[in-house]
>>> print(open('target.cif').read())   # mmCIF, C-alpha atoms, pLDDT in the B column; chains and numbers go by the auth columns
data_target
loop_
_atom_site.group_PDB
_atom_site.id
_atom_site.type_symbol
_atom_site.label_atom_id
_atom_site.label_comp_id
_atom_site.label_asym_id
_atom_site.label_seq_id
_atom_site.Cartn_x
_atom_site.Cartn_y
_atom_site.Cartn_z
_atom_site.B_iso_or_equiv
_atom_site.auth_seq_id
_atom_site.auth_asym_id
ATOM 1 C CA MET A 1 13.313 -13.739 1.276 58.00 142 B
ATOM 2 C CA SER A 2 10.758 -13.063 3.985 90.00 143 B
ATOM 3 C CA LEU A 3 12.164 -12.589 7.484 96.00 144 B
ATOM 4 C CA GLN A 4 14.447 -14.490 9.796 97.00 145 B
ATOM 5 C CA MET A 5 14.837 -13.759 13.462 97.00 146 B
ATOM 6 C CA GLU A 6 17.544 -14.592 15.942 97.00 147 B
ATOM 7 C CA LEU A 7 17.060 -14.071 19.670 96.00 148 B
ATOM 8 C CA GLU A 8 19.955 -14.126 22.087 95.00 149 B
ATOM 9 C CA HIS A 9 19.614 -13.662 25.811 92.00 150 B
ATOM 10 C CA GLY A 10 22.609 -11.551 26.749 87.00 151 B
ATOM 11 C CA ARG A 11 23.627 -10.541 30.243 84.00 152 B
ATOM 12 C CA LYS A 12 22.322 -7.008 29.902 82.00 153 B
ATOM 13 C CA ALA A 13 19.724 -7.372 27.205 94.00 154 B
ATOM 14 C CA LEU A 14 17.713 -9.501 24.869 96.00 155 B
ATOM 15 C CA ILE A 15 19.420 -9.151 21.497 97.00 156 B
ATOM 16 C CA VAL A 16 17.065 -9.484 18.540 97.00 157 B
ATOM 17 C CA ARG A 17 18.615 -9.735 15.078 98.00 158 B
ATOM 18 C CA LEU A 18 16.308 -9.271 12.104 98.00 159 B
ATOM 19 C CA LYS A 19 17.296 -10.499 8.667 98.00 160 B
ATOM 20 C CA GLY A 20 15.237 -9.955 5.530 97.00 161 B
ATOM 21 C CA GLU A 21 12.100 -7.887 5.080 98.00 162 B
ATOM 22 C CA LEU A 22 9.945 -6.428 7.841 98.00 163 B
ATOM 23 C CA ASP A 23 6.473 -5.520 6.600 97.00 164 B
ATOM 24 C CA HIS A 24 2.852 -6.118 7.652 97.00 165 B
ATOM 25 C CA HIS A 25 3.126 -9.795 6.682 96.00 166 B
ATOM 26 C CA THR A 26 6.235 -10.488 8.765 97.00 167 B
ATOM 27 C CA ALA A 27 5.500 -8.039 11.618 96.00 168 B
ATOM 28 C CA ASP A 28 3.171 -10.483 13.399 94.00 169 B
ATOM 29 C CA VAL A 29 5.849 -13.091 14.052 95.00 170 B
ATOM 30 C CA VAL A 30 8.296 -10.414 15.225 97.00 171 B
ATOM 31 C CA LYS A 31 5.644 -9.120 17.582 96.00 172 B
ATOM 32 C CA SER A 32 4.712 -12.476 19.089 96.00 173 B
ATOM 33 C CA ARG A 33 8.250 -13.843 19.443 96.00 174 B
ATOM 34 C CA MET A 34 9.589 -10.668 21.033 96.00 175 B
ATOM 35 C CA GLU A 35 6.514 -10.283 23.211 94.00 176 B
ATOM 36 C CA ASP A 36 6.898 -13.853 24.517 94.00 177 B
ATOM 37 C CA ALA A 37 10.623 -13.437 25.131 94.00 178 B
ATOM 38 C CA ILE A 38 10.123 -10.188 27.035 93.00 179 B
ATOM 39 C CA VAL A 39 7.249 -11.544 29.133 89.00 180 B
ATOM 40 C CA SER A 40 8.625 -14.996 29.942 84.00 181 B
ATOM 41 C CA GLY A 41 12.354 -14.342 30.163 77.00 182 B
ATOM 42 C CA ASP A 42 14.319 -12.259 32.596 83.00 183 B
ATOM 43 C CA VAL A 43 14.639 -9.437 30.120 90.00 184 B
ATOM 44 C CA ARG A 44 15.484 -5.948 31.265 91.00 185 B
ATOM 45 C CA ASN A 45 16.560 -4.265 28.033 96.00 186 B
ATOM 46 C CA VAL A 46 16.191 -4.958 24.324 97.00 187 B
ATOM 47 C CA ILE A 47 18.780 -4.468 21.596 97.00 188 B
ATOM 48 C CA LEU A 48 17.334 -4.568 18.106 97.00 189 B
ATOM 49 C CA SER A 49 20.020 -5.275 15.549 98.00 190 B
ATOM 50 C CA LEU A 50 18.999 -4.326 12.004 97.00 191 B
ATOM 51 C CA ARG A 51 22.233 -4.982 10.111 97.00 192 B
ATOM 52 C CA ASP A 52 20.724 -7.583 7.791 96.00 193 B
ATOM 53 C CA LEU A 53 17.322 -5.993 7.426 97.00 194 B
ATOM 54 C CA SER A 54 16.945 -5.325 3.709 96.00 195 B
ATOM 55 C CA PHE A 55 13.498 -3.727 3.780 97.00 196 B
ATOM 56 C CA MET A 56 11.171 -2.093 6.281 98.00 197 B
ATOM 57 C CA ASP A 57 7.983 -0.044 6.039 97.00 198 B
ATOM 58 C CA SER A 58 5.583 1.594 8.506 96.00 199 B
ATOM 59 C CA SER A 59 4.418 -1.813 9.772 96.00 200 B
ATOM 60 C CA GLY A 60 7.961 -2.238 11.097 96.00 201 B
ATOM 61 C CA LEU A 61 7.730 1.119 12.857 96.00 202 B
ATOM 62 C CA GLY A 62 4.514 -0.084 14.496 95.00 203 B
ATOM 63 C CA VAL A 63 6.004 -3.301 15.833 96.00 204 B
ATOM 64 C CA ILE A 64 9.171 -1.544 17.084 96.00 205 B
ATOM 65 C CA LEU A 65 7.089 1.108 18.825 95.00 206 B
ATOM 66 C CA GLY A 66 4.948 -1.625 20.382 95.00 207 B
ATOM 67 C CA ARG A 67 7.998 -3.420 21.858 95.00 208 B
ATOM 68 C CA TYR A 68 9.430 -0.083 22.989 95.00 209 B
ATOM 69 C CA LYS A 69 6.245 0.511 24.995 94.00 210 B
ATOM 70 C CA GLN A 70 6.394 -3.023 26.387 94.00 211 B
ATOM 71 C CA ILE A 71 9.996 -2.826 27.618 95.00 212 B
ATOM 72 C CA THR A 72 9.726 0.724 28.986 95.00 213 B
ATOM 73 C CA ALA A 73 6.611 -0.328 30.929 94.00 214 B
ATOM 74 C CA LYS A 74 8.921 -2.839 32.677 92.00 215 B
ATOM 75 C CA GLY A 75 11.410 -0.068 33.394 93.00 216 B
ATOM 76 C CA GLY A 76 13.813 -1.195 30.682 94.00 217 B
ATOM 77 C CA LYS A 77 15.351 0.375 27.614 95.00 218 B
ATOM 78 C CA MET A 78 15.354 -0.261 23.907 96.00 219 B
ATOM 79 C CA VAL A 79 18.421 0.332 21.771 96.00 220 B
ATOM 80 C CA VAL A 80 18.391 -0.031 17.984 97.00 221 B
ATOM 81 C CA CYS A 81 21.655 -0.583 16.121 97.00 222 B
ATOM 82 C CA ASP A 82 23.093 -1.037 12.619 97.00 223 B
ATOM 83 C CA VAL A 83 20.379 1.082 11.041 96.00 224 B
ATOM 84 C CA SER A 84 20.501 1.408 7.237 95.00 225 B
ATOM 85 C CA PRO A 85 19.994 4.832 5.609 94.00 226 B
ATOM 86 C CA ALA A 86 16.532 3.765 4.393 95.00 227 B
ATOM 87 C CA VAL A 87 15.394 2.664 7.845 95.00 228 B
ATOM 88 C CA TYR A 88 17.027 5.784 9.307 94.00 229 B
ATOM 89 C CA ARG A 89 14.757 7.947 7.150 94.00 230 B
ATOM 90 C CA LEU A 90 11.652 6.154 8.440 96.00 231 B
ATOM 91 C CA PHE A 91 12.824 6.652 12.022 95.00 232 B
ATOM 92 C CA GLU A 92 13.364 10.345 11.311 93.00 233 B
ATOM 93 C CA LEU A 93 9.947 10.806 9.692 93.00 234 B
ATOM 94 C CA SER A 94 8.101 9.083 12.528 93.00 235 B
ATOM 95 C CA GLY A 95 10.002 10.780 15.348 92.00 236 B
ATOM 96 C CA LEU A 96 11.123 7.389 16.700 91.00 237 B
ATOM 97 C CA PHE A 97 14.630 8.809 17.209 88.00 238 B
ATOM 98 C CA LYS A 98 13.286 11.051 19.922 90.00 239 B
ATOM 99 C CA ILE A 99 12.426 8.083 22.127 90.00 240 B
ATOM 100 C CA VAL A 100 14.575 5.153 21.017 93.00 241 B
ATOM 101 C CA SER A 101 18.349 5.218 21.414 93.00 242 B
ATOM 102 C CA VAL A 102 20.291 4.424 18.234 95.00 243 B
ATOM 103 C CA GLN A 103 23.806 2.980 18.299 96.00 244 B
ATOM 104 C CA GLU A 104 26.239 2.134 15.543 96.00 245 B
ATOM 105 C CA ASN A 105 26.578 -1.574 16.254 96.00 246 B
ATOM 106 C CA GLU A 106 25.810 -4.297 18.810 95.00 247 B
ATOM 107 C CA LYS A 107 28.992 -3.654 20.739 95.00 248 B
ATOM 108 C CA SER A 108 28.285 0.034 21.260 96.00 249 B
ATOM 109 C CA ALA A 109 24.650 -0.813 21.999 95.00 250 B
ATOM 110 C CA ILE A 110 25.744 -3.122 24.827 94.00 251 B
ATOM 111 C CA SER A 111 28.196 -0.610 26.252 93.00 252 B
ATOM 112 C CA SER A 112 25.563 2.125 26.087 93.00 253 B
ATOM 113 C CA LEU A 113 23.473 -0.011 28.437 92.00 254 B
ATOM 114 C CA GLU A 114 26.414 -0.716 30.755 83.00 255 B
ATOM 115 C CA ALA A 115 27.280 2.962 31.043 69.00 256 B
ATOM 116 C CA VAL A 116 24.071 3.697 32.922 55.00 257 B
ATOM 117 C CA MET B 1 9.426 5.944 -29.361 50.00 41 U
ATOM 118 C CA SER B 2 6.279 7.631 -28.083 60.00 42 U
ATOM 119 C CA GLY B 3 3.501 7.190 -25.540 78.00 43 U
ATOM 120 C CA ALA B 4 3.686 5.660 -22.130 90.00 44 U
ATOM 121 C CA ASN B 5 4.792 2.195 -21.201 96.00 45 U
ATOM 122 C CA PHE B 6 2.479 0.555 -18.685 97.00 46 U
ATOM 123 C CA MET B 7 1.747 -2.543 -16.649 98.00 47 U
ATOM 124 C CA LYS B 8 -1.209 -3.675 -14.606 98.00 48 U
ATOM 125 C CA LEU B 9 -1.698 -6.474 -12.118 97.00 49 U
ATOM 126 C CA SER B 10 -4.427 -7.725 -9.823 98.00 50 U
ATOM 127 C CA PHE B 11 -3.926 -10.053 -6.889 98.00 51 U
ATOM 128 C CA ALA B 12 -5.608 -11.425 -3.770 98.00 52 U
ATOM 129 C CA SER B 13 -5.608 -9.217 -0.675 98.00 53 U
ATOM 130 C CA ARG B 14 -3.260 -11.503 1.236 98.00 54 U
ATOM 131 C CA SER B 15 -0.389 -10.097 3.255 97.00 55 U
ATOM 132 C CA GLU B 16 2.131 -12.438 1.589 96.00 56 U
ATOM 133 C CA ASN B 17 1.458 -10.519 -1.633 98.00 57 U
ATOM 134 C CA GLU B 18 2.836 -7.279 -0.177 98.00 58 U
ATOM 135 C CA SER B 19 6.404 -8.250 -1.016 97.00 59 U
ATOM 136 C CA PHE B 20 5.339 -9.550 -4.427 98.00 60 U
ATOM 137 C CA ALA B 21 3.666 -6.214 -5.201 98.00 61 U
ATOM 138 C CA ARG B 22 6.622 -4.018 -4.259 98.00 62 U
ATOM 139 C CA VAL B 23 9.144 -6.223 -6.046 97.00 63 U
ATOM 140 C CA ALA B 24 6.985 -6.350 -9.199 98.00 64 U
ATOM 141 C CA VAL B 25 6.633 -2.560 -9.364 98.00 65 U
ATOM 142 C CA ALA B 26 10.343 -2.091 -8.615 98.00 66 U
ATOM 143 C CA ALA B 27 11.214 -4.484 -11.450 98.00 67 U
ATOM 144 C CA PHE B 28 9.013 -2.518 -13.850 98.00 68 U
ATOM 145 C CA VAL B 29 10.505 0.831 -12.768 97.00 69 U
ATOM 146 C CA SER B 30 14.065 -0.559 -13.086 96.00 70 U
ATOM 147 C CA GLN B 31 14.019 0.169 -16.818 94.00 71 U
ATOM 148 C CA LEU B 32 14.389 3.872 -15.889 94.00 72 U
ATOM 149 C CA ASP B 33 17.677 2.984 -14.199 94.00 73 U
ATOM 150 C CA PRO B 34 16.724 4.568 -10.866 95.00 74 U
ATOM 151 C CA THR B 35 19.160 4.959 -7.979 94.00 75 U
ATOM 152 C CA LEU B 36 18.972 2.470 -5.124 94.00 76 U
ATOM 153 C CA ASN B 37 17.326 5.160 -2.979 94.00 77 U
ATOM 154 C CA GLU B 38 14.667 5.856 -5.581 96.00 78 U
ATOM 155 C CA LEU B 39 13.946 2.158 -5.896 96.00 79 U
ATOM 156 C CA THR B 40 13.659 1.800 -2.114 97.00 80 U
ATOM 157 C CA ASP B 41 11.261 4.767 -2.036 97.00 81 U
ATOM 158 C CA ILE B 42 9.056 3.115 -4.637 98.00 82 U
ATOM 159 C CA LYS B 43 9.114 -0.264 -2.914 98.00 83 U
ATOM 160 C CA THR B 44 8.206 1.407 0.383 98.00 84 U
ATOM 161 C CA VAL B 45 5.256 3.412 -0.954 98.00 85 U
ATOM 162 C CA VAL B 46 3.842 0.406 -2.830 98.00 86 U
ATOM 163 C CA SER B 47 4.143 -1.612 0.361 98.00 87 U
ATOM 164 C CA GLU B 48 2.313 1.116 2.315 97.00 88 U
ATOM 165 C CA ALA B 49 -0.482 1.452 -0.225 98.00 89 U
ATOM 166 C CA VAL B 50 -1.022 -2.306 -0.621 98.00 90 U
ATOM 167 C CA THR B 51 -0.931 -2.833 3.152 97.00 91 U
ATOM 168 C CA ASN B 52 -3.620 -0.139 3.506 96.00 92 U
ATOM 169 C CA CYS B 53 -5.821 -1.976 0.966 98.00 93 U
ATOM 170 C CA ILE B 54 -5.443 -5.252 2.878 97.00 94 U
ATOM 171 C CA ILE B 55 -5.813 -3.970 6.440 96.00 95 U
ATOM 172 C CA HIS B 56 -8.191 -1.061 6.001 96.00 96 U
ATOM 173 C CA GLY B 57 -9.900 -1.678 2.654 97.00 97 U
ATOM 174 C CA TYR B 58 -10.601 -5.368 3.248 98.00 98 U
ATOM 175 C CA ASP B 59 -10.157 -5.615 7.037 96.00 99 U
ATOM 176 C CA ASN B 60 -7.681 -8.500 6.492 95.00 100 U
ATOM 177 C CA ASP B 61 -10.177 -10.523 4.456 97.00 101 U
ATOM 178 C CA PRO B 62 -8.036 -12.441 1.905 97.00 102 U
ATOM 179 C CA ASN B 63 -10.866 -12.559 -0.665 97.00 103 U
ATOM 180 C CA GLY B 64 -10.517 -8.983 -1.867 98.00 104 U
ATOM 181 C CA ILE B 65 -8.719 -7.842 -5.000 98.00 105 U
ATOM 182 C CA VAL B 66 -5.911 -5.291 -5.076 98.00 106 U
ATOM 183 C CA THR B 67 -5.046 -3.746 -8.420 98.00 107 U
ATOM 184 C CA ILE B 68 -1.821 -1.949 -9.249 98.00 108 U
ATOM 185 C CA ALA B 69 -1.153 -0.047 -12.427 98.00 109 U
ATOM 186 C CA ALA B 70 2.134 1.607 -13.244 98.00 110 U
ATOM 187 C CA GLU B 71 3.043 3.851 -16.125 98.00 111 U
ATOM 188 C CA ILE B 72 6.341 5.234 -17.324 97.00 112 U
ATOM 189 C CA GLU B 73 6.455 8.319 -19.469 95.00 113 U
ATOM 190 C CA GLY B 74 9.791 9.999 -20.020 93.00 114 U
ATOM 191 C CA ASP B 75 11.397 10.343 -16.592 93.00 115 U
ATOM 192 C CA THR B 76 8.097 10.035 -14.696 96.00 116 U
ATOM 193 C CA VAL B 77 6.535 7.035 -12.971 97.00 117 U
ATOM 194 C CA ARG B 78 2.841 7.007 -12.135 98.00 118 U
ATOM 195 C CA ILE B 79 1.572 4.294 -9.813 98.00 119 U
ATOM 196 C CA THR B 80 -2.048 3.560 -8.948 98.00 120 U
ATOM 197 C CA VAL B 81 -2.999 1.220 -6.117 98.00 121 U
ATOM 198 C CA GLU B 82 -6.668 0.419 -5.792 98.00 122 U
ATOM 199 C CA ASP B 83 -9.075 -1.681 -3.743 98.00 123 U
ATOM 200 C CA GLU B 84 -12.828 -2.247 -3.837 98.00 124 U
ATOM 201 C CA GLY B 85 -13.141 -2.315 -0.081 97.00 125 U
ATOM 202 C CA ALA B 86 -14.511 -0.262 2.795 96.00 126 U
ATOM 203 C CA GLY B 87 -13.288 3.152 1.662 96.00 127 U
ATOM 204 C CA ILE B 88 -12.242 6.046 3.884 94.00 128 U
ATOM 205 C CA ALA B 89 -14.857 8.335 5.443 92.00 129 U
ATOM 206 C CA ASP B 90 -12.517 11.116 6.561 92.00 130 U
ATOM 207 C CA LEU B 91 -9.558 11.450 4.206 92.00 131 U
ATOM 208 C CA GLU B 92 -8.061 14.451 5.921 92.00 132 U
ATOM 209 C CA GLN B 93 -7.909 12.579 9.216 92.00 133 U
ATOM 210 C CA ALA B 94 -6.498 9.436 7.553 92.00 134 U
ATOM 211 C CA ARG B 95 -3.617 11.464 6.103 92.00 135 U
ATOM 212 C CA GLN B 96 -2.583 12.968 9.441 91.00 136 U
ATOM 213 C CA PRO B 97 0.843 11.742 10.611 90.00 137 U
ATOM 214 C CA LEU B 98 0.546 9.122 13.381 89.00 138 U
ATOM 215 C CA TYR B 99 -3.241 8.816 12.980 91.00 139 U
ATOM 216 C CA THR B 100 -4.483 5.242 12.799 92.00 140 U
ATOM 217 C CA SER B 101 -7.994 3.842 12.842 92.00 141 U
ATOM 218 C CA LYS B 102 -6.570 0.555 14.162 90.00 142 U
ATOM 219 C CA PRO B 103 -4.321 1.314 17.161 85.00 143 U
ATOM 220 C CA GLU B 104 -5.026 -2.162 18.574 84.00 144 U
ATOM 221 C CA LEU B 105 -3.089 -3.632 15.636 87.00 145 U
ATOM 222 C CA GLU B 106 0.070 -1.653 16.458 89.00 146 U
ATOM 223 C CA ARG B 107 -0.203 0.410 13.316 89.00 147 U
ATOM 224 C CA SER B 108 2.193 3.351 13.311 90.00 148 U
ATOM 225 C CA GLY B 109 -0.128 5.711 11.431 92.00 149 U
ATOM 226 C CA MET B 110 2.746 6.693 9.148 93.00 150 U
ATOM 227 C CA GLY B 111 1.603 5.143 5.850 94.00 151 U
ATOM 228 C CA PHE B 112 0.274 8.257 4.136 95.00 152 U
ATOM 229 C CA THR B 113 3.049 10.439 5.562 95.00 153 U
ATOM 230 C CA ILE B 114 5.653 8.092 4.058 97.00 154 U
ATOM 231 C CA MET B 115 3.884 8.080 0.674 97.00 155 U
ATOM 232 C CA GLU B 116 3.716 11.889 0.680 97.00 156 U
ATOM 233 C CA ASN B 117 7.386 12.217 1.617 96.00 157 U
ATOM 234 C CA PHE B 118 8.765 9.647 -0.808 97.00 158 U
ATOM 235 C CA MET B 119 6.726 10.633 -3.870 98.00 159 U
ATOM 236 C CA ASP B 120 6.327 13.948 -5.711 97.00 160 U
ATOM 237 C CA GLU B 121 2.530 13.734 -5.793 98.00 161 U
ATOM 238 C CA VAL B 122 -0.014 11.660 -3.875 97.00 162 U
ATOM 239 C CA ASP B 123 -3.693 11.824 -4.627 97.00 163 U
ATOM 240 C CA VAL B 124 -6.360 9.761 -2.847 97.00 164 U
ATOM 241 C CA THR B 125 -9.900 9.106 -4.016 97.00 165 U
ATOM 242 C CA SER B 126 -12.186 7.250 -1.649 96.00 166 U
ATOM 243 C CA ALA B 127 -15.737 6.995 -0.386 95.00 167 U
ATOM 244 C CA PRO B 128 -17.297 4.715 2.242 96.00 168 U
ATOM 245 C CA GLY B 129 -18.249 1.430 0.599 95.00 169 U
ATOM 246 C CA ALA B 130 -16.745 2.430 -2.727 96.00 170 U
ATOM 247 C CA GLY B 131 -13.102 1.471 -2.281 97.00 171 U
ATOM 248 C CA THR B 132 -9.944 3.557 -2.305 97.00 172 U
ATOM 249 C CA LYS B 133 -7.655 4.598 -5.126 98.00 173 U
ATOM 250 C CA ILE B 134 -4.222 6.097 -4.545 98.00 174 U
ATOM 251 C CA ARG B 135 -2.345 7.767 -7.380 98.00 175 U
ATOM 252 C CA MET B 136 1.312 8.543 -6.893 98.00 176 U
ATOM 253 C CA VAL B 137 3.816 10.241 -9.157 98.00 177 U
ATOM 254 C CA LYS B 138 7.597 10.354 -8.972 97.00 178 U
ATOM 255 C CA ARG B 139 10.237 11.734 -11.293 96.00 179 U
ATOM 256 C CA ILE B 140 13.337 9.613 -11.485 95.00 180 U
ATOM 257 C CA GLU B 141 16.222 12.033 -10.844 85.00 181 U
ATOM 258 C CA SER B 142 18.843 10.165 -12.788 73.00 182 U
ATOM 259 C CA LYS B 143 16.697 10.542 -15.901 58.00 183 U
ATOM 260 C CA LYS B 144 15.925 14.234 -15.519 56.00 184 U
ATOM 261 C CA ALA B 145 18.985 15.443 -17.423 55.00 185 U
ATOM 262 C CA LEU B 146 18.031 13.334 -20.423 57.00 186 U
ATOM 263 C CA TYR B 147 14.522 14.699 -20.701 56.00 187 U
ATOM 264 C CA ASN B 148 14.945 18.337 -19.693 51.00 188 U
#
>>> encode(input="target.cif", output="structure tokens")
Amino acid sequence: MSLQMELEHGRKALIVRLKGELDHHTADVVKSRMEDAIVSGDVRNVILSLRDLSFMDSSGLGVILGRYKQITAKGGKMVVCDVSPAVYRLFELSGLFKIVSVQENEKSAISSLEAV
Amino acid sequence: MSGANFMKLSFASRSENESFARVAVAAFVSQLDPTLNELTDIKTVVSEAVTNCIIHGYDNDPNGIVTIAAEIEGDTVRITVEDEGAGIADLEQARQPLYTSKPELERSGMGFTIMENFMDEVDVTSAPGAGTKIRMVKRIESKKALYN
């Protein structure tokens, strides 16, 4: 259980794949690893792939919002993809949809960044 | 068969127990044969309530005790999540969507809003220095027909 993270530096974006459960306990490592990658690497945009995320609560919203602020401060964008119905509801409740772009999968997330 | 079935557990206020808590309550509630959505709702609200105890009640001190009680009566689940920590001075403010007393920790301020949206009833009792107790009630839809 717990949470696994995969970071891939793509041409257009840093792709972050989360697998497992994102809560207060696991949010810290997501925060620090993404923060480091965004600060140290040549990262312009972030794609957050949630296909294998089996659980998320408001701590996950907090860490996503935090990285959104970080990447937009650098002039970049954040795209979230493969969102489960449960995570979708949390995004709706918190109003995160109004600021973060949501795409069906990684492929459409990448092309949404290329279109601009 | 009469009366309510119940369970109660106490554990250390450590963040690694958040997943334990939500899985334990979900396992108990499973006997009502809830839908996957209902089970996710329950796991999420337990996670929110326990996280509040750890972060706000005990200020991340792992030496506190969190107590959960759950009760099943007919088609209804009642869950109580309790700490003996700092307590909440202004409950109305704490329940506002997006309000957080700890913005430096990247809290979303959505905990109470999620609990209120996912459960049928949410009731909070708290006082500074006297801990916080959250009572939540949910009817399990799939069971309604049987008990109406």
>>> residues_around(input="target.cif", residues="segment 78-88 of chain U", least_positions_apart="6", cutoff="8 Å", atoms="all atoms listed in the file", output="CSV table (one decimal) with C-alpha atoms, in the frame of the given file")
chain,number,residue,atom,x,y,z
B,164,ASP,CA,6.5,-5.5,6.6
B,197,MET,CA,11.2,-2.1,6.3
B,198,ASP,CA,8.0,0.0,6.0
B,199,SER,CA,5.6,1.6,8.5
B,227,ALA,CA,16.5,3.8,4.4
U,58,GLU,CA,2.8,-7.3,-0.2
U,59,SER,CA,6.4,-8.2,-1.0
U,61,ALA,CA,3.7,-6.2,-5.2
U,62,ARG,CA,6.6,-4.0,-4.3
U,63,VAL,CA,9.1,-6.2,-6.0
U,65,VAL,CA,6.6,-2.6,-9.4
U,66,ALA,CA,10.3,-2.1,-8.6
U,69,VAL,CA,10.5,0.8,-12.8
U,70,SER,CA,14.1,-0.6,-13.1
U,121,VAL,CA,-3.0,1.2,-6.1
U,151,GLY,CA,1.6,5.1,5.8
U,152,PHE,CA,0.3,8.3,4.1
U,154,ILE,CA,5.7,8.1,4.1
U,155,MET,CA,3.9,8.1,0.7
U,158,PHE,CA,8.8,9.6,-0.8
U,159,MET,CA,6.7,10.6,-3.9
U,180,ILE,CA,13.3,9.6,-11.5
>>> atom_distance(input="target.cif", atom1="atom CA of Gln145 of chain B", atom2="atom CA of Gln244 of chain B")
21.6 Å
>>> resolve_selection(input="target.cif", expression="the PyMOL selection byres ((chain B and resi 208-218) around 7)", output="ChimeraX atom specification")
/B:185-187,204-207,219-220
>>> residues_around(input="target.cif", residues="Thr172 of chain U", least_positions_apart="2", cutoff="8 Å", atoms="all atoms listed in the file", output="number ranges by chain")
U: 93, 97, 122-128, 164-167, 170, 174
>>> closest_residue(input="target.cif", among="U:Ser148, U:Gln71, U:Thr91, U:Gln133", to="Glu56 of chain U", atoms="only C-alpha atoms")
U:Thr91
>>> residues_around(input="target.cif", residues="Ser252 of chain B", least_positions_apart="4", cutoff="12 Å", atoms="only C-alpha atoms", output="VMD selection string")
chain B and resid 152 to 154 188 220 244 to 248 256 to 257
>>> closest_residue(input="target.cif", among="B:Met175, B:Val184, B:Leu189, B:Ala168", to="chain U", atoms="all atoms listed in the file")
B:Ala168
>>> closest_residue(input="target.cif", among="B:Ala178, B:Leu202, B:Val171, B:Leu237", to="chain U", atoms="all atoms listed in the file")
B:Leu202
>>> closest_residue(input="target.cif", among="U:Asp101, U:Glu111, U:Glu132, U:Glu146", to="chain B", atoms="only C-alpha atoms")
U:Glu146
>>> atom_distance(input="target.cif", atom1="atom CA of Val177 of chain U", atom2="atom CA of Ala129 of chain U")
23.8 Å
>>> resolve_selection(input="target.cif", expression="the PyMOL selection byres ((chain U and resi 47) around 12)", output="number ranges by chain")
U: 44-46, 48-50, 64-69, 107-112, 117-120
>>> write_last_selection(input="target.cif", atoms="C-alpha atoms", output="PDB file, in the frame of the given file")
ATOM      1  CA  ALA U  44       3.686   5.660 -22.130  1.00 90.00           C
ATOM      2  CA  ASN U  45       4.792   2.195 -21.201  1.00 96.00           C
ATOM      3  CA  PHE U  46       2.479   0.555 -18.685  1.00 97.00           C
ATOM      4  CA  LYS U  48      -1.209  -3.675 -14.606  1.00 98.00           C
ATOM      5  CA  LEU U  49      -1.698  -6.474 -12.118  1.00 97.00           C
ATOM      6  CA  SER U  50      -4.427  -7.725  -9.823  1.00 98.00           C
ATOM      7  CA  ALA U  64       6.985  -6.350  -9.199  1.00 98.00           C
ATOM      8  CA  VAL U  65       6.633  -2.560  -9.364  1.00 98.00           C
ATOM      9  CA  ALA U  66      10.343  -2.091  -8.615  1.00 98.00           C
ATOM     10  CA  ALA U  67      11.214  -4.484 -11.450  1.00 98.00           C
ATOM     11  CA  PHE U  68       9.013  -2.518 -13.850  1.00 98.00           C
ATOM     12  CA  VAL U  69      10.505   0.831 -12.768  1.00 97.00           C
ATOM     13  CA  THR U 107      -5.046  -3.746  -8.420  1.00 98.00           C
ATOM     14  CA  ILE U 108      -1.821  -1.949  -9.249  1.00 98.00           C
ATOM     15  CA  ALA U 109      -1.153  -0.047 -12.427  1.00 98.00           C
ATOM     16  CA  ALA U 110       2.134   1.607 -13.244  1.00 98.00           C
ATOM     17  CA  GLU U 111       3.043   3.851 -16.125  1.00 98.00           C
ATOM     18  CA  ILE U 112       6.341   5.234 -17.324  1.00 97.00           C
ATOM     19  CA  VAL U 117       6.535   7.035 -12.971  1.00 97.00           C
ATOM     20  CA  ARG U 118       2.841   7.007 -12.135  1.00 98.00           C
ATOM     21  CA  ILE U 119       1.572   4.294  -9.813  1.00 98.00           C
ATOM     22  CA  THR U 120      -2.048   3.560  -8.948  1.00 98.00           C
TER      23      THR U 120
END
>>> closest_residue(input="target.cif", among="B:Lys239, B:Arg174, B:His166, B:Arg230", to="chain U", atoms="all atoms listed in the file")
B:His166
>>> atom_distance(input="target.cif", atom1="atom CA of Met150 of chain U", atom2="atom CA of Leu138 of chain U")
5.4 Å
>>> resolve_selection(input="target.cif", expression="the PyMOL selection byres ((chain B and resi 157-159) around 7)", output="list in words")
Gln145, Met146, Glu147, Leu148, Glu149, Leu155, Ile156, Lys160, Gly161, Ile188, Leu189, Ser190, Leu191, Asp193 and Leu194 of chain B
